[in-house]
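Engineer: Enclosed is the structure file work.pdb (PDB, C-alpha atoms).
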```
ATOM      1  CA  MET A 442     110.134 106.503  80.177  1.00  0.00           C
ATOM      2  CA  THR A 443     111.251 108.513  83.146  1.00  0.00           C
ATOM      3  CA  GLN A 444     108.794 107.264  85.739  1.00  0.00           C
ATOM      4  CA  SER A 445     110.357 104.997  88.347  1.00  0.00           C
ATOM      5  CA  HIS A 446     107.516 102.505  88.192  1.00  0.00           C
ATOM      6  CA  ILE A 447     107.658 101.990  84.406  1.00  0.00           C
ATOM      7  CA  LEU A 448     109.305  98.563  84.729  1.00  0.00           C
ATOM      8  CA  GLN A 449     107.225  95.545  85.628  1.00  0.00           C
ATOM      9  CA  GLY A 450     108.148  91.928  86.236  1.00  0.00           C
ATOM     10  CA  PRO A 451     108.077  89.017  88.658  1.00  0.00           C
ATOM     11  CA  SER A 452     109.654  89.039  92.101  1.00  0.00           C
ATOM     12  CA  ALA A 453     110.311  86.756  95.048  1.00  0.00           C
ATOM     13  CA  PRO A 454     109.977  87.964  98.656  1.00  0.00           C
ATOM     14  CA  PRO A 455     112.535  87.121 101.364  1.00  0.00           C
ATOM     15  CA  LEU A 456     112.551  83.450 102.327  1.00  0.00           C
ATOM     16  CA  SER A 457     112.549  84.550 105.962  1.00  0.00           C
ATOM     17  CA  GLY A 458     109.056  85.935 105.536  1.00  0.00           C
ATOM     18  CA  GLY A 459     110.123  89.225 107.048  1.00  0.00           C
ATOM     19  CA  LYS A 460     110.991  92.656 105.708  1.00  0.00           C
ATOM     20  CA  ALA A 461     113.624  92.706 102.983  1.00  0.00           C
ATOM     21  CA  ARG A 462     117.075  93.634 104.230  1.00  0.00           C
ATOM     22  CA  GLN A 463     118.649  93.363 100.776  1.00  0.00           C
ATOM     23  CA  LEU A 464     117.504  93.761  97.189  1.00  0.00           C
ATOM     24  CA  VAL A 465     118.859  91.701  94.305  1.00  0.00           C
ATOM     25  CA  ILE A 466     117.911  93.106  90.890  1.00  0.00           C
ATOM     26  CA  LEU A 467     118.024  90.468  88.139  1.00  0.00           C
ATOM     27  CA  MET A 468     118.365  91.696  84.536  1.00  0.00           C
ATOM     28  CA  HIS A 469     117.648  89.259  81.717  1.00  0.00           C
ATOM     29  CA  GLY A 470     119.209  88.910  78.289  1.00  0.00           C
ATOM     30  CA  LEU A 471     117.952  89.996  74.876  1.00  0.00           C
ATOM     31  CA  GLY A 472     114.603  88.505  73.881  1.00  0.00           C
ATOM     32  CA  ALA A 473     113.815  87.114  77.345  1.00  0.00           C
ATOM     33  CA  ASP A 474     111.835  88.473  80.280  1.00  0.00           C
ATOM     34  CA  GLY A 475     112.115  88.761  84.043  1.00  0.00           C
ATOM     35  CA  ALA A 476     110.892  85.214  84.636  1.00  0.00           C
ATOM     36  CA  ASP A 477     113.952  83.917  82.801  1.00  0.00           C
ATOM     37  CA  LEU A 478     116.274  84.927  85.657  1.00  0.00           C
ATOM     38  CA  LEU A 479     113.937  84.779  88.631  1.00  0.00           C
ATOM     39  CA  SER A 480     114.773  81.067  88.953  1.00  0.00           C
ATOM     40  CA  LEU A 481     118.133  82.192  90.375  1.00  0.00           C
ATOM     41  CA  ALA A 482     116.245  83.234  93.496  1.00  0.00           C
ATOM     42  CA  THR A 483     115.430  79.594  94.257  1.00  0.00           C
ATOM     43  CA  HIS A 484     119.155  78.805  94.337  1.00  0.00           C
ATOM     44  CA  TRP A 485     120.212  81.833  96.384  1.00  0.00           C
ATOM     45  CA  ALA A 486     117.336  82.240  98.828  1.00  0.00           C
ATOM     46  CA  GLN A 487     118.828  79.819 101.366  1.00  0.00           C
ATOM     47  CA  MET A 488     122.078  81.807 101.338  1.00  0.00           C
ATOM     48  CA  LEU A 489     120.244  85.141 101.426  1.00  0.00           C
ATOM     49  CA  PRO A 490     117.043  84.537 103.400  1.00  0.00           C
ATOM     50  CA  HIS A 491     116.477  88.251 103.986  1.00  0.00           C
ATOM     51  CA  ALA A 492     116.838  89.290 100.330  1.00  0.00           C
ATOM     52  CA  ALA A 493     114.009  90.195  97.980  1.00  0.00           C
ATOM     53  CA  PHE A 494     114.640  89.309  94.326  1.00  0.00           C
ATOM     54  CA  LEU A 495     113.229  91.595  91.620  1.00  0.00           C
ATOM     55  CA  ALA A 496     113.309  90.616  87.949  1.00  0.00           C
ATOM     56  CA  PRO A 497     111.894  93.445  85.825  1.00  0.00           C
ATOM     57  CA  ASN A 498     111.137  92.984  82.160  1.00  0.00           C
ATOM     58  CA  GLY A 499     113.274  95.019  79.790  1.00  0.00           C
ATOM     59  CA  ILE A 500     112.361  98.547  78.803  1.00  0.00           C
ATOM     60  CA  GLU A 501     110.949  97.733  75.361  1.00  0.00           C
ATOM     61  CA  GLU A 502     109.800  94.816  73.245  1.00  0.00           C
ATOM     62  CA  CYS A 503     112.658  93.006  71.526  1.00  0.00           C
ATOM     63  CA  ASP A 504     113.191  94.159  67.941  1.00  0.00           C
ATOM     64  CA  MET A 505     115.136  91.011  66.966  1.00  0.00           C
ATOM     65  CA  ALA A 506     112.710  88.319  68.127  1.00  0.00           C
ATOM     66  CA  PRO A 507     108.952  87.699  67.992  1.00  0.00           C
ATOM     67  CA  TYR A 508     108.723  87.793  71.788  1.00  0.00           C
ATOM     68  CA  GLY A 509     110.538  89.005  74.881  1.00  0.00           C
ATOM     69  CA  TYR A 510     112.106  92.303  75.838  1.00  0.00           C
ATOM     70  CA  GLN A 511     115.332  94.247  75.523  1.00  0.00           C
ATOM     71  CA  TRP A 512     117.031  96.997  77.515  1.00  0.00           C
ATOM     72  CA  PHE A 513     117.986  98.691  74.241  1.00  0.00           C
ATOM     73  CA  SER A 514     118.346  97.656  70.603  1.00  0.00           C
ATOM     74  CA  LEU A 515     121.298  95.500  69.611  1.00  0.00           C
ATOM     75  CA  GLN A 516     120.734  95.645  65.862  1.00  0.00           C
ATOM     76  CA  ASP A 517     123.759  97.940  65.755  1.00  0.00           C
ATOM     77  CA  ARG A 518     126.514  96.554  67.989  1.00  0.00           C
ATOM     78  CA  SER A 519     129.127  99.214  67.352  1.00  0.00           C
ATOM     79  CA  PRO A 520     130.836 100.529  70.516  1.00  0.00           C
ATOM     80  CA  GLU A 521     129.201 103.917  70.029  1.00  0.00           C
ATOM     81  CA  HIS A 522     125.710 102.445  69.791  1.00  0.00           C
ATOM     82  CA  LEU A 523     126.237 100.165  72.800  1.00  0.00           C
ATOM     83  CA  LEU A 524     127.375 103.099  74.912  1.00  0.00           C
ATOM     84  CA  ALA A 525     124.438 105.247  73.823  1.00  0.00           C
ATOM     85  CA  GLY A 526     122.101 102.330  74.544  1.00  0.00           C
ATOM     86  CA  VAL A 527     123.255 101.639  78.096  1.00  0.00           C
ATOM     87  CA  ARG A 528     123.214 105.339  78.899  1.00  0.00           C
ATOM     88  CA  ARG A 529     119.601 105.698  77.732  1.00  0.00           C
ATOM     89  CA  ALA A 530     118.555 102.570  79.598  1.00  0.00           C
ATOM     90  CA  GLU A 531     120.426 103.734  82.693  1.00  0.00           C
ATOM     91  CA  LEU A 532     117.951 106.591  83.139  1.00  0.00           C
ATOM     92  CA  VAL A 533     114.965 104.243  83.296  1.00  0.00           C
ATOM     93  CA  VAL A 534     116.520 101.363  85.211  1.00  0.00           C
ATOM     94  CA  GLY A 535     118.299 103.683  87.604  1.00  0.00           C
ATOM     95  CA  ALA A 536     114.996 105.383  88.448  1.00  0.00           C
ATOM     96  CA  TYR A 537     113.389 101.963  88.947  1.00  0.00           C
ATOM     97  CA  ILE A 538     116.169 100.928  91.335  1.00  0.00           C
ATOM     98  CA  ASP A 539     115.898 104.170  93.289  1.00  0.00           C
ATOM     99  CA  HIS A 540     112.133 103.680  93.566  1.00  0.00           C
ATOM    100  CA  GLN A 541     112.515 100.095  94.809  1.00  0.00           C
ATOM    101  CA  LEU A 542     115.156 101.040  97.365  1.00  0.00           C
ATOM    102  CA  ALA A 543     112.933 103.808  98.718  1.00  0.00           C
ATOM    103  CA  LEU A 544     109.931 101.486  98.745  1.00  0.00           C
ATOM    104  CA  HIS A 545     111.821  98.981 100.894  1.00  0.00           C
ATOM    105  CA  GLY A 546     113.564 101.600 103.044  1.00  0.00           C
ATOM    106  CA  LEU A 547     117.022 100.487 101.890  1.00  0.00           C
ATOM    107  CA  SER A 548     120.162 102.132 100.517  1.00  0.00           C
ATOM    108  CA  ASP A 549     122.689 101.137  97.860  1.00  0.00           C
ATOM    109  CA  GLU A 550     124.787  99.210 100.358  1.00  0.00           C
ATOM    110  CA  HIS A 551     121.883  96.751 100.513  1.00  0.00           C
ATOM    111  CA  LEU A 552     121.660  96.418  96.710  1.00  0.00           C
ATOM    112  CA  ALA A 553     123.157  93.857  94.336  1.00  0.00           C
ATOM    113  CA  LEU A 554     122.883  93.959  90.541  1.00  0.00           C
ATOM    114  CA  VAL A 555     122.925  90.708  88.562  1.00  0.00           C
ATOM    115  CA  GLY A 556     122.600  90.318  84.806  1.00  0.00           C
ATOM    116  CA  PHE A 557     122.939  87.844  81.970  1.00  0.00           C
ATOM    117  CA  SER A 558     124.226  88.824  78.515  1.00  0.00           C
ATOM    118  CA  GLN A 559     122.665  92.236  77.719  1.00  0.00           C
ATOM    119  CA  GLY A 560     121.498  92.286  81.334  1.00  0.00           C
ATOM    120  CA  GLY A 561     125.132  91.777  82.330  1.00  0.00           C
ATOM    121  CA  MET A 562     126.062  94.877  80.336  1.00  0.00           C
ATOM    122  CA  MET A 563     123.395  96.775  82.246  1.00  0.00           C
ATOM    123  CA  ALA A 564     124.442  95.422  85.654  1.00  0.00           C
ATOM    124  CA  LEU A 565     128.058  96.450  85.133  1.00  0.00           C
ATOM    125  CA  HIS A 566     127.222  99.866  83.738  1.00  0.00           C
ATOM    126  CA  LEU A 567     124.703 100.692  86.450  1.00  0.00           C
ATOM    127  CA  GLY A 568     126.906  99.432  89.261  1.00  0.00           C
ATOM    128  CA  LEU A 569     129.841 101.545  88.144  1.00  0.00           C
ATOM    129  CA  HIS A 570     127.849 104.706  87.440  1.00  0.00           C
ATOM    130  CA  ARG A 571     125.530 105.009  90.440  1.00  0.00           C
ATOM    131  CA  LEU A 572     126.317 107.875  92.773  1.00  0.00           C
ATOM    132  CA  HIS A 573     126.456 105.525  95.762  1.00  0.00           C
ATOM    133  CA  THR A 574     128.264 102.207  95.845  1.00  0.00           C
ATOM    134  CA  CYS A 575     126.111  99.100  95.814  1.00  0.00           C
ATOM    135  CA  ALA A 576     127.062  95.867  97.594  1.00  0.00           C
ATOM    136  CA  GLY A 577     128.144  94.024  94.467  1.00  0.00           C
ATOM    137  CA  VAL A 578     127.668  93.300  90.761  1.00  0.00           C
ATOM    138  CA  VAL A 579     127.468  89.945  88.987  1.00  0.00           C
ATOM    139  CA  SER A 580     127.674  89.649  85.205  1.00  0.00           C
ATOM    140  CA  PHE A 581     127.049  86.329  83.449  1.00  0.00           C
ATOM    141  CA  SER A 582     128.183  86.223  79.799  1.00  0.00           C
ATOM    142  CA  GLY A 583     128.157  90.002  79.514  1.00  0.00           C
ATOM    143  CA  LEU A 584     130.609  92.685  78.516  1.00  0.00           C
ATOM    144  CA  LEU A 585     131.758  96.034  79.838  1.00  0.00           C
ATOM    145  CA  VAL A 586     130.498  98.839  77.615  1.00  0.00           C
ATOM    146  CA  GLY A 587     132.763 101.884  77.365  1.00  0.00           C
ATOM    147  CA  GLY A 588     135.618 100.184  79.167  1.00  0.00           C
ATOM    148  CA  LEU A 589     138.340 102.375  77.678  1.00  0.00           C
ATOM    149  CA  ASP A 590     136.679 105.503  79.082  1.00  0.00           C
ATOM    150  CA  LEU A 591     135.837 103.970  82.453  1.00  0.00           C
ATOM    151  CA  PRO A 592     138.581 105.706  84.499  1.00  0.00           C
ATOM    152  CA  ALA A 593     137.057 109.045  83.464  1.00  0.00           C
ATOM    153  CA  THR A 594     133.367 108.125  83.822  1.00  0.00           C
ATOM    154  CA  ILE A 595     133.266 105.805  86.842  1.00  0.00           C
ATOM    155  CA  LYS A 596     131.314 107.029  89.886  1.00  0.00           C
ATOM    156  CA  SER A 597     131.492 104.069  92.266  1.00  0.00           C
ATOM    157  CA  ARG A 598     133.557 100.932  92.683  1.00  0.00           C
ATOM    158  CA  PRO A 599     131.535  97.970  93.964  1.00  0.00           C
ATOM    159  CA  PRO A 600     133.137  94.521  93.974  1.00  0.00           C
ATOM    160  CA  ALA A 601     132.290  92.645  90.797  1.00  0.00           C
ATOM    161  CA  LEU A 602     132.128  89.022  89.695  1.00  0.00           C
ATOM    162  CA  LEU A 603     132.259  88.236  85.987  1.00  0.00           C
ATOM    163  CA  LEU A 604     131.525  84.710  84.737  1.00  0.00           C
ATOM    164  CA  HIS A 605     131.823  83.624  81.121  1.00  0.00           C
ATOM    165  CA  GLY A 606     131.670  80.388  79.162  1.00  0.00           C
ATOM    166  CA  SER A 607     134.803  79.474  77.234  1.00  0.00           C
ATOM    167  CA  GLU A 608     132.705  78.415  74.231  1.00  0.00           C
ATOM    168  CA  ASP A 609     130.388  81.439  74.136  1.00  0.00           C
ATOM    169  CA  ASP A 610     129.571  82.130  70.472  1.00  0.00           C
ATOM    170  CA  VAL A 611     127.233  85.067  71.182  1.00  0.00           C
ATOM    171  CA  VAL A 612     129.391  87.250  73.421  1.00  0.00           C
ATOM    172  CA  PRO A 613     132.928  85.879  72.901  1.00  0.00           C
ATOM    173  CA  VAL A 614     134.913  85.049  76.016  1.00  0.00           C
ATOM    174  CA  GLN A 615     137.631  87.591  75.171  1.00  0.00           C
ATOM    175  CA  ASN A 616     135.194  90.209  76.411  1.00  0.00           C
ATOM    176  CA  LEU A 617     135.867  88.865  79.909  1.00  0.00           C
ATOM    177  CA  GLY A 618     139.567  89.668  79.612  1.00  0.00           C
ATOM    178  CA  ASN A 619     138.832  93.108  78.182  1.00  0.00           C
ATOM    179  CA  ALA A 620     136.473  93.881  81.040  1.00  0.00           C
ATOM    180  CA  MET A 621     138.875  92.675  83.702  1.00  0.00           C
ATOM    181  CA  GLN A 622     141.656  94.839  82.282  1.00  0.00           C
ATOM    182  CA  ALA A 623     139.431  97.929  82.206  1.00  0.00           C
ATOM    183  CA  LEU A 624     138.062  97.327  85.704  1.00  0.00           C
ATOM    184  CA  LYS A 625     141.575  96.955  87.102  1.00  0.00           C
ATOM    185  CA  ALA A 626     142.654 100.188  85.408  1.00  0.00           C
ATOM    186  CA  ALA A 627     139.692 101.955  87.032  1.00  0.00           C
ATOM    187  CA  GLY A 628     140.490 100.629  90.510  1.00  0.00           C
ATOM    188  CA  VAL A 629     137.614  98.146  90.747  1.00  0.00           C
ATOM    189  CA  PHE A 630     138.124  94.897  92.654  1.00  0.00           C
ATOM    190  CA  ALA A 631     136.809  92.278  90.257  1.00  0.00           C
ATOM    191  CA  THR A 632     137.011  88.515  89.911  1.00  0.00           C
ATOM    192  CA  GLY A 633     136.786  86.888  86.491  1.00  0.00           C
ATOM    193  CA  ILE A 634     135.881  83.233  86.075  1.00  0.00           C
ATOM    194  CA  THR A 635     135.939  81.323  82.787  1.00  0.00           C
ATOM    195  CA  ARG A 636     133.687  78.267  82.774  1.00  0.00           C
ATOM    196  CA  PRO A 637     135.193  75.523  80.581  1.00  0.00           C
ATOM    197  CA  ASN A 638     133.085  73.986  77.813  1.00  0.00           C
ATOM    198  CA  LEU A 639     130.202  76.372  78.490  1.00  0.00           C
ATOM    199  CA  GLY A 640     128.457  78.384  75.784  1.00  0.00           C
ATOM    200  CA  HIS A 641     126.238  81.421  76.173  1.00  0.00           C
ATOM    201  CA  ALA A 642     124.580  80.195  79.328  1.00  0.00           C
ATOM    202  CA  ILE A 643     124.671  80.011  83.115  1.00  0.00           C
ATOM    203  CA  ASP A 644     125.766  76.719  84.672  1.00  0.00           C
ATOM    204  CA  MET A 645     125.311  75.398  88.187  1.00  0.00           C
ATOM    205  CA  GLU A 646     128.913  76.065  89.182  1.00  0.00           C
ATOM    206  CA  GLY A 647     128.476  79.673  88.139  1.00  0.00           C
ATOM    207  CA  ILE A 648     125.274  79.925  90.162  1.00  0.00           C
ATOM    208  CA  VAL A 649     127.048  78.564  93.242  1.00  0.00           C
ATOM    209  CA  ARG A 650     130.012  80.929  92.799  1.00  0.00           C
ATOM    210  CA  ALA A 651     127.721  83.910  92.337  1.00  0.00           C
ATOM    211  CA  GLY A 652     125.645  82.973  95.378  1.00  0.00           C
ATOM    212  CA  ALA A 653     128.746  82.820  97.550  1.00  0.00           C
ATOM    213  CA  PHE A 654     129.883  86.182  96.149  1.00  0.00           C
ATOM    214  CA  LEU A 655     126.548  87.812  96.958  1.00  0.00           C
ATOM    215  CA  LYS A 656     126.512  86.391 100.465  1.00  0.00           C
ATOM    216  CA  LYS A 657     129.936  87.859 101.128  1.00  0.00           C
ATOM    217  CA  ALA A 658     129.041  91.156  99.448  1.00  0.00           C
ATOM    218  CA  PHE A 659     126.080  91.564 101.785  1.00  0.00           C
ATOM    219  CA  GLY A 660     128.220  90.700 104.795  1.00  0.00           C
ATOM    220  CA  GLU A 661     126.287  87.511 105.453  1.00  0.00           C
ATOM    221  CA  GLY A 662     129.304  85.240 105.593  1.00  0.00           C
TER
END
```
Please lay out the structure from this file as C-alpha coordinates.

Structural biologist:
Amino acid sequence: MTQSHILQGPSAPPLSGGKARQLVILMHGLGADGADLLSLATHWAQMLPHAAFLAPNGIEECDMAPYGYQWFSLQDRSPEHLLAGVRRAELVVGAYIDHQLALHGLSDEHLALVGFSQGGMMALHLGLHRLHTCAGVVSFSGLLVGGLDLPATIKSRPPALLLHGSEDDVVPVQNLGNAMQALKAAGVFATGITRPNLGHAIDMEGIVRAGAFLKKAFGEG
(Lines of atoms letter the chains of each structure in order from A and count residues from 1; the text may use other names and numbers.)
(Lines give C-alpha, C1' and ligand atoms only; values in the text may rest on other atoms or scores of the structure.)
Protein backbone atom coordinates (compact mmCIF):
# COMPACT_ATOMS: atom_id res chain seq x y z
CA MET A 1 0.00 0.00 0.00
CA THR A 2 2.65 2.49 -0.92
CA GLN A 3 1.23 3.79 -4.17
CA SER A 4 -0.15 7.32 -3.93
CA HIS A 5 -3.27 6.47 -5.88
CA ILE A 6 -4.30 3.51 -3.68
CA LEU A 7 -7.10 5.48 -2.00
CA GLN A 8 -10.38 6.01 -3.79
CA GLY A 9 -13.51 7.91 -2.83
CA PRO A 10 -15.94 10.66 -3.77
CA SER A 11 -14.99 14.29 -4.28
CA ALA A 12 -16.56 17.67 -4.97
CA PRO A 13 -14.95 20.20 -7.33
CA PRO A 14 -14.69 23.92 -6.51
CA LEU A 15 -18.04 25.70 -6.49
CA SER A 16 -16.44 28.44 -8.57
CA GLY A 17 -16.08 26.03 -11.46
CA GLY A 18 -12.43 26.94 -11.83
CA LYS A 19 -9.14 25.35 -10.88
CA ALA A 20 -8.83 24.34 -7.24
CA ARG A 21 -6.87 26.81 -5.14
CA GLN A 22 -7.25 24.76 -1.96
CA LEU A 23 -7.71 21.11 -1.07
CA VAL A 24 -9.77 19.90 1.88
CA ILE A 25 -9.18 16.22 2.70
CA LEU A 26 -12.09 14.67 4.62
CA MET A 27 -11.38 11.51 6.65
CA HIS A 28 -14.31 9.45 7.88
CA GLY A 29 -14.77 7.44 11.05
CA LEU A 30 -14.57 3.69 11.66
CA GLY A 31 -17.00 1.63 9.59
CA ALA A 32 -18.00 4.50 7.29
CA ASP A 33 -16.77 5.64 3.89
CA GLY A 34 -15.85 8.84 2.09
CA ALA A 35 -19.46 9.67 1.25
CA ASP A 36 -20.19 9.96 4.96
CA LEU A 37 -18.20 13.20 5.25
CA LEU A 38 -18.49 14.59 1.74
CA SER A 39 -21.77 16.24 2.79
CA LEU A 40 -19.63 18.76 4.69
CA ALA A 41 -18.64 20.17 1.31
CA THR A 42 -22.21 21.37 0.73
CA HIS A 43 -22.00 23.45 3.92
CA TRP A 44 -18.53 24.88 3.29
CA ALA A 45 -18.50 25.41 -0.47
CA GLN A 46 -20.05 28.89 -0.22
CA MET A 47 -17.33 29.92 2.23
CA LEU A 48 -14.60 28.23 0.18
CA PRO A 49 -15.69 28.48 -3.46
CA HIS A 50 -12.20 27.73 -4.76
CA ALA A 51 -11.67 24.58 -2.67
CA ALA A 52 -11.89 21.01 -3.91
CA PHE A 53 -13.13 18.50 -1.32
CA LEU A 54 -11.71 14.96 -1.39
CA ALA A 55 -13.18 12.19 0.76
CA PRO A 56 -11.16 8.99 0.31
CA ASN A 57 -12.35 5.68 1.68
CA GLY A 58 -10.22 4.21 4.44
CA ILE A 59 -7.24 2.02 3.70
CA GLU A 60 -8.89 -1.32 4.46
CA GLU A 61 -12.29 -2.88 5.03
CA CYS A 62 -13.55 -2.46 8.58
CA ASP A 63 -12.86 -5.49 10.77
CA MET A 64 -15.51 -4.54 13.35
CA ALA A 65 -18.53 -4.04 11.08
CA PRO A 66 -20.10 -5.81 8.10
CA TYR A 67 -19.50 -2.78 5.88
CA GLY A 68 -17.41 0.36 5.59
CA TYR A 69 -13.71 1.06 5.94
CA GLN A 70 -11.08 1.85 8.53
CA TRP A 71 -7.72 3.61 8.51
CA PHE A 72 -6.35 0.90 10.81
CA SER A 73 -7.80 -1.69 13.18
CA LEU A 74 -9.25 -0.52 16.48
CA GLN A 75 -9.82 -3.96 17.97
CA ASP A 76 -6.88 -3.18 20.24
CA ARG A 77 -7.16 0.38 21.55
CA SER A 78 -4.05 0.42 23.70
CA PRO A 79 -1.87 3.54 23.27
CA GLU A 80 0.87 1.46 21.69
CA HIS A 81 -1.47 -0.05 19.10
CA LEU A 82 -3.05 3.31 18.26
CA LEU A 83 0.36 4.86 17.69
CA ALA A 84 1.49 1.96 15.51
CA GLY A 85 -1.78 2.20 13.58
CA VAL A 86 -1.61 5.90 12.76
CA ARG A 87 2.04 5.58 11.78
CA ARG A 88 1.28 2.76 9.33
CA ALA A 89 -1.69 4.63 7.90
CA GLU A 90 0.37 7.82 7.66
CA LEU A 91 2.53 6.24 4.96
CA VAL A 92 -0.45 5.54 2.70
CA VAL A 93 -2.51 8.64 3.39
CA GLY A 94 0.52 10.90 3.29
CA ALA A 95 1.42 9.55 -0.16
CA TYR A 96 -2.18 10.09 -1.29
CA ILE A 97 -2.09 13.70 -0.09
CA ASP A 98 1.23 14.35 -1.80
CA HIS A 99 -0.16 12.88 -5.03
CA GLN A 100 -3.30 15.04 -4.87
CA LEU A 101 -1.33 18.21 -4.14
CA ALA A 102 0.95 17.53 -7.11
CA LEU A 103 -2.03 16.71 -9.31
CA HIS A 104 -3.62 20.08 -8.52
CA GLY A 105 -0.34 22.03 -8.56
CA LEU A 106 -0.70 23.03 -4.90
CA SER A 107 1.47 22.98 -1.78
CA ASP A 108 0.76 22.25 1.88
CA GLU A 109 -0.16 25.86 2.58
CA HIS A 110 -3.23 25.22 0.41
CA LEU A 111 -4.18 22.03 2.29
CA ALA A 112 -6.60 21.44 5.16
CA LEU A 113 -7.15 18.12 6.93
CA VAL A 114 -10.54 17.34 8.46
CA GLY A 115 -11.57 14.15 10.24
CA PHE A 116 -14.27 12.59 12.37
CA SER A 117 -13.53 10.08 15.14
CA GLN A 118 -10.79 7.76 13.78
CA GLY A 119 -10.50 10.20 10.88
CA GLY A 120 -9.90 12.93 13.46
CA MET A 121 -7.01 10.90 14.86
CA MET A 122 -5.59 10.71 11.36
CA ALA A 123 -6.09 14.41 10.62
CA LEU A 124 -4.27 15.46 13.77
CA HIS A 125 -1.43 13.00 13.33
CA LEU A 126 -0.88 13.82 9.67
CA GLY A 127 -1.09 17.57 10.20
CA LEU A 128 1.51 17.50 12.95
CA HIS A 129 3.91 15.12 11.22
CA ARG A 130 4.06 16.42 7.65
CA LEU A 131 7.35 18.00 6.67
CA HIS A 132 5.60 21.18 5.53
CA THR A 133 2.90 22.99 7.46
CA CYS A 134 -0.62 22.73 6.11
CA ALA A 135 -3.19 25.53 6.42
CA GLY A 136 -5.15 23.93 9.24
CA VAL A 137 -6.52 20.79 10.90
CA VAL A 138 -10.05 20.10 12.15
CA SER A 139 -10.85 17.12 14.36
CA PHE A 140 -14.44 16.22 15.24
CA SER A 141 -14.81 13.75 18.13
CA GLY A 142 -11.25 12.51 17.73
CA LEU A 143 -8.21 12.16 19.94
CA LEU A 144 -4.52 12.95 19.73
CA VAL A 145 -2.50 9.74 19.46
CA GLY A 146 0.95 9.84 21.06
CA GLY A 147 0.33 13.17 22.73
CA LEU A 148 2.89 12.67 25.49
CA ASP A 149 5.66 12.22 22.92
CA LEU A 150 4.50 15.03 20.65
CA PRO A 151 7.16 17.61 21.61
CA ALA A 152 9.81 15.13 20.42
CA THR A 153 8.04 13.88 17.27
CA ILE A 154 6.25 16.96 15.91
CA LYS A 155 7.38 18.23 12.50
CA SER A 156 4.97 21.08 11.80
CA ARG A 157 2.56 23.25 13.74
CA PRO A 158 -0.59 24.12 11.79
CA PRO A 159 -3.47 25.81 13.60
CA ALA A 160 -5.96 23.24 14.84
CA LEU A 161 -9.63 23.19 15.80
CA LEU A 162 -10.91 20.36 17.98
CA LEU A 163 -14.65 19.89 18.52
CA HIS A 164 -16.16 17.30 20.84
CA GLY A 165 -19.59 16.44 22.20
CA SER A 166 -19.95 16.59 25.97
CA GLU A 167 -21.95 13.34 25.96
CA ASP A 168 -19.67 11.35 23.65
CA ASP A 169 -19.77 7.71 24.81
CA VAL A 170 -17.46 6.40 22.07
CA VAL A 171 -14.48 8.75 22.38
CA PRO A 172 -14.97 10.39 25.81
CA VAL A 173 -14.78 14.17 25.93
CA GLN A 174 -11.79 14.11 28.30
CA ASN A 175 -9.72 13.28 25.24
CA LEU A 176 -10.31 16.88 24.13
CA GLY A 177 -8.64 18.21 27.27
CA ASN A 178 -5.76 15.76 26.93
CA ALA A 179 -5.19 16.80 23.34
CA MET A 180 -5.32 20.50 24.11
CA GLN A 181 -2.76 20.10 26.88
CA ALA A 182 -0.39 18.15 24.63
CA LEU A 183 -0.79 20.56 21.71
CA LYS A 184 -0.03 23.53 23.96
CA ALA A 185 3.07 21.79 25.31
CA ALA A 186 4.25 21.24 21.73
CA GLY A 187 3.71 24.88 20.74
CA VAL A 188 0.64 24.33 18.55
CA PHE A 189 -2.04 27.02 18.42
CA ALA A 190 -5.24 25.07 18.96
CA THR A 191 -8.83 25.87 19.84
CA GLY A 192 -10.96 23.33 21.69
CA ILE A 193 -14.75 23.50 21.66
CA THR A 194 -17.05 21.29 23.72
CA ARG A 195 -20.55 20.99 22.27
CA PRO A 196 -23.11 20.61 25.08
CA ASN A 197 -25.54 17.68 25.00
CA LEU A 198 -23.90 16.22 21.89
CA GLY A 199 -22.83 12.59 21.59
CA HIS A 200 -20.44 11.04 19.10
CA ALA A 201 -21.56 13.19 16.21
CA ILE A 202 -21.14 16.44 14.31
CA ASP A 203 -23.76 19.14 14.86
CA MET A 204 -24.61 22.19 12.80
CA GLU A 205 -22.90 24.60 15.19
CA GLY A 206 -19.73 22.57 14.88
CA ILE A 207 -20.00 22.64 11.09
CA VAL A 208 -20.38 26.42 11.13
CA ARG A 209 -17.43 26.87 13.52
CA ALA A 210 -15.24 24.59 11.43
CA GLY A 211 -16.20 26.37 8.21
CA ALA A 212 -15.23 29.73 9.67
CA PHE A 213 -11.94 28.23 10.90
CA LEU A 214 -11.11 26.86 7.45
CA LYS A 215 -11.95 30.14 5.76
CA LYS A 216 -9.57 31.97 8.07
CA ALA A 217 -6.91 29.27 7.75
CA PHE A 218 -6.92 29.68 3.98
CA GLY A 219 -6.74 33.45 4.29
CA GLU A 220 -10.18 33.90 2.77
CA GLY A 221 -11.56 36.07 5.54

Engineer: Would you list the contacts of Val578 in chain A as an MDAnalysis selection string, taking every protein, DNA or RNA residue within 8 Å and counting all atoms listed in the file, but skipping same-chain residues closer than 3 positions in sequence?

Structural biologist: chainID A and resid 553:555 564:565 568 575 599:602

Engineer: Applying the PyMOL selection byres ((chain A and resi 557) around 10) to the file I just gave you, which residues come out? Please list them as a list in words.

Structural biologist: Leu467, Met468, His469, Gly470, Leu471, Asp477, Leu478, Val555, Gly556, Ser558, Gln559, Gly560, Gly561, Met562, Met563, Ala564, Val579, Ser580, Phe581, Ser582, Gly583, Leu584, Leu604, His605, His641, Ala642 and Ile643 of chain A

Engineer: Here is a test: counting all atoms listed in the file, which residue of A:Gln615, A:Val533, A:Pro637, A:Glu661 is nearest to His491 in chain A?

Structural biologist: A:Glu661

Engineer: Near Gly588 in chain A, counting all atoms listed in the file, which residues have an atom at most 9 Å away, once you skip same-chain residues fewer than 2 positions from it, shown as an MDAnalysis selection string?

Structural biologist: chainID A and resid 585:586 590:592 619:620 622:624

Engineer: For the residues in that selection, give me C-alpha atoms as a tab-separated table (two decimals), in the frame of the given file.

Structural biologist:
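What ended up in part_24.tsv:
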```
chain	number	residue	atom	x	y	z
A	585	LEU	CA	131.76	96.03	79.84
A	586	VAL	CA	130.50	98.84	77.61
A	590	ASP	CA	136.68	105.50	79.08
A	591	LEU	CA	135.84	103.97	82.45
A	592	PRO	CA	138.58	105.71	84.50
A	619	ASN	CA	138.83	93.11	78.18
A	620	ALA	CA	136.47	93.88	81.04
A	622	GLN	CA	141.66	94.84	82.28
A	623	ALA	CA	139.43	97.93	82.21
A	624	LEU	CA	138.06	97.33	85.70
```

Engineer: May I ask which of the residues A:Ala658, A:Val629, A:Ile447, A:Met645 is the closest one to Val465 in chain A, counting only C-alpha atoms?

Structural biologist: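 Looking at the shortest contact to Val465 in chain A, the residue is A:Ala658.
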
Engineer: Report the distance between CA of Gly546 in chain A and CA of His566 in chain A in Å, rounded to one decimal place.

Structural biologist: 23.7 Å

Engineer: Report as a PyMOL selection string all protein, DNA and RNA residues lying within 9 Å of Leu547 in chain A, evaluated on only C-alpha atoms, omitting residues in the same chain fewer than 6 positions from it.

Structural biologist: chain A and resi 461-464+541
